[in-house]
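Data from structure.tsv: TSV, C-alpha atoms
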chain	number	residue	atom	x	y	z
A	1	MET	CA	84.30	109.15	95.24
A	2	ASP	CA	86.63	106.18	94.97
A	3	ILE	CA	85.64	102.57	95.58
A	4	TYR	CA	87.22	102.49	99.04
A	5	THR	CA	85.31	105.53	100.27
A	6	GLN	CA	82.09	104.07	98.85
A	7	LEU	CA	82.73	100.81	100.69
A	8	ALA	CA	83.55	102.58	103.95
A	9	GLU	CA	80.41	104.70	103.79
A	10	LYS	CA	78.23	101.68	103.06
A	11	ILE	CA	79.76	99.75	105.95
A	12	VAL	CA	79.40	102.55	108.49
A	13	LYS	CA	75.87	103.43	107.41
A	14	GLU	CA	74.75	99.80	107.58
A	15	GLN	CA	76.32	99.40	111.01
A	16	GLU	CA	74.56	102.61	112.06
A	17	THR	CA	71.18	101.05	111.26
A	18	ILE	CA	72.01	98.30	113.75
A	19	ILE	CA	73.99	100.02	116.51
A	20	GLY	CA	73.18	103.70	115.99
A	21	PRO	CA	75.76	106.46	116.58
A	22	VAL	CA	78.19	103.94	118.07
A	23	ALA	CA	78.96	103.00	114.45
A	24	PHE	CA	80.58	106.39	113.88
A	25	GLU	CA	82.43	106.29	117.21
A	26	GLN	CA	83.91	102.92	116.33
A	27	ALA	CA	84.85	104.00	112.80
A	28	LEU	CA	86.74	106.99	114.20
A	29	LYS	CA	88.90	104.60	116.24
A	30	VAL	CA	90.37	103.25	113.00
A	31	PRO	CA	93.56	105.08	111.97
A	32	GLY	CA	93.11	106.79	108.61
A	33	ILE	CA	89.36	107.40	108.90
A	34	SER	CA	87.84	110.81	109.46
A	35	ILE	CA	84.14	111.61	109.39
A	36	ASP	CA	82.54	115.00	108.88
A	37	SER	CA	80.20	115.36	111.85
A	38	ALA	CA	77.63	117.42	109.93
A	39	THR	CA	77.37	115.36	106.74
A	40	HIS	CA	78.79	112.00	107.86
A	41	ASN	CA	81.00	112.01	104.77
A	42	ILE	CA	83.99	109.74	105.25
A	43	THR	CA	87.57	110.48	104.25
A	44	LEU	CA	90.26	107.81	104.11
A	45	THR	CA	93.92	108.73	104.39
A	46	GLY	CA	96.64	106.16	103.82
A	47	ASN	CA	96.42	102.58	102.56
A	48	LYS	CA	92.69	102.51	101.89
A	49	LYS	CA	92.42	98.77	101.40
A	50	GLU	CA	94.09	98.21	104.77
A	51	ILE	CA	91.90	100.85	106.43
A	52	LEU	CA	88.76	99.05	105.22
A	53	GLU	CA	89.99	95.78	106.65
A	54	LEU	CA	90.69	97.47	109.98
A	55	LEU	CA	87.22	99.03	109.92
A	56	VAL	CA	85.53	95.65	109.50
A	57	LYS	CA	87.75	94.18	112.23
A	58	GLN	CA	86.82	97.07	114.54
A	59	TYR	CA	83.15	96.12	114.26
A	60	GLU	CA	84.00	92.42	114.53
A	61	GLY	CA	85.81	93.11	117.79
A	62	LEU	CA	82.61	94.51	119.25
A	63	PHE	CA	79.95	92.21	117.88
A	64	GLY	CA	81.76	89.20	116.47
A	65	ARG	CA	81.40	87.42	113.18
A	66	THR	CA	77.88	88.75	112.61
A	67	SER	CA	79.31	92.24	112.09
A	68	VAL	CA	81.57	90.93	109.34
A	69	GLU	CA	78.57	89.40	107.60
A	70	VAL	CA	76.67	92.69	107.91
A	71	CYS	CA	79.63	94.46	106.26
A	72	ARG	CA	79.77	91.89	103.45
A	73	GLU	CA	76.05	92.15	102.83
A	74	ALA	CA	76.18	95.97	102.77
A	75	THR	CA	78.98	96.02	100.21
A	76	LYS	CA	78.14	93.04	98.01
A	77	ASP	CA	76.94	95.14	95.05
A	78	ILE	CA	80.16	97.14	94.92
A	79	VAL	CA	82.36	94.11	95.62
A	80	SER	CA	80.75	92.01	92.87
A	81	ASN	CA	81.50	94.71	90.28
A	82	SER	CA	85.08	95.42	91.35
A	83	PRO	CA	88.43	93.76	90.69
A	84	LYS	CA	89.01	91.29	93.54
A	85	ASP	CA	92.59	92.51	94.08
A	86	GLN	CA	91.21	95.91	95.12
A	87	ILE	CA	88.88	94.47	97.77
A	88	PRO	CA	90.05	93.56	101.27
A	89	GLN	CA	90.00	89.80	101.76
A	90	ILE	CA	87.67	90.14	104.75
A	91	LEU	CA	84.90	91.43	102.42
A	92	LEU	CA	85.18	88.60	99.88

Write the structure described by the file as structure tokens, please.
Amino acid sequence: MDIYTQLAEKIVKEQETIIGPVAFEQALKVPGISIDSATHNITLTGNKKEILELLVKQYEGLFGRTSVEVCREATKDIVSNSPKDQIPQILL
């Protein structure tokens, strides 16, 4: 699993702990994201860095800046060990 898929899964799963199944519904609104309904495995198709940024913005549109902070907190371990040019600016 690549870094982008790991980040997306962490973000969606953390949002799920807060807002429940709505997290998956919102993620599916982002172009380039598909989610297996049985396993909740996420697939990203296209510019993965851009898709991640759109995912975070999707949650931000619903719940504001707090959602962005939740996303940052959920991904901080991966982000801190990754090249900064590979991480969407919104997660830094």

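Rounded to one decimal, CA of Leu54 in chain A and CA of Asn81 in chain A lie 21.9 Å from each other.
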
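Across A:Lys57, A:His40, A:Lys48, A:Lys84, the tightest approach to Cys71 in chain A is made by A:Lys57 when counting all atoms listed in the file.
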
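Separating CA of Gly64 in chain A from CA of Val79 in chain A is a distance of 21.4 Å.
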
Please identify all polymer residues within 9 Å of Gln6 in chain A, counting all atoms listed in the file, omitting same-chain residues fewer than 5 positions from it, and present them as a tab-separated table (two decimals) with C-alpha atoms, in the coordinates of the input.
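See selection_8.tsv below for the written result:
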chain	number	residue	atom	x	y	z
A	1	MET	CA	84.30	109.15	95.24
A	11	ILE	CA	79.76	99.75	105.95
A	42	ILE	CA	83.99	109.74	105.25
A	75	THR	CA	78.98	96.02	100.21
A	78	ILE	CA	80.16	97.14	94.92

Exercise. Restricting the calculation to all atoms listed in the file, which member of A:Thr17, A:Glu9, A:Asp85, A:Ala74 is positioned closest to Ser34 in chain A?
Worked result: A:Glu9

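The coordinates place CA of Pro31 in chain A at 14.3 Å from CA of Thr5 in chain A.
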
Exercise. Contacts of Glu53 in chain A at 8 Å or less, counting only C-alpha atoms, minus same-chain residues fewer than 3 places along, as a ChimeraX atom specification?
Worked result: /A:49-50,56-57,88-91

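Considering only C-alpha atoms, the residue among A:Leu92, A:Thr43, A:Ile87, A:Ser67 positioned nearest to Ile19 in chain A is A:Ser67.
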
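Taking only C-alpha atoms into account, Leu62 in chain A lies nearest to A:Ala23 out of the set A:Ala23, A:Val12, A:Leu44, A:Ile3.
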
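The nearest approach to Gly61 in chain A among the residues A:Lys76, A:Glu14, A:Lys29, A:Gly20, with only C-alpha atoms taken into account, belongs to A:Lys29.
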
Exercise. Looking at all atoms listed in the file, which of A:Phe63, A:Asp77, A:Val70, A:Ala38 is the one that sits closest to Gln26 in chain A?
Worked result: A:Phe63
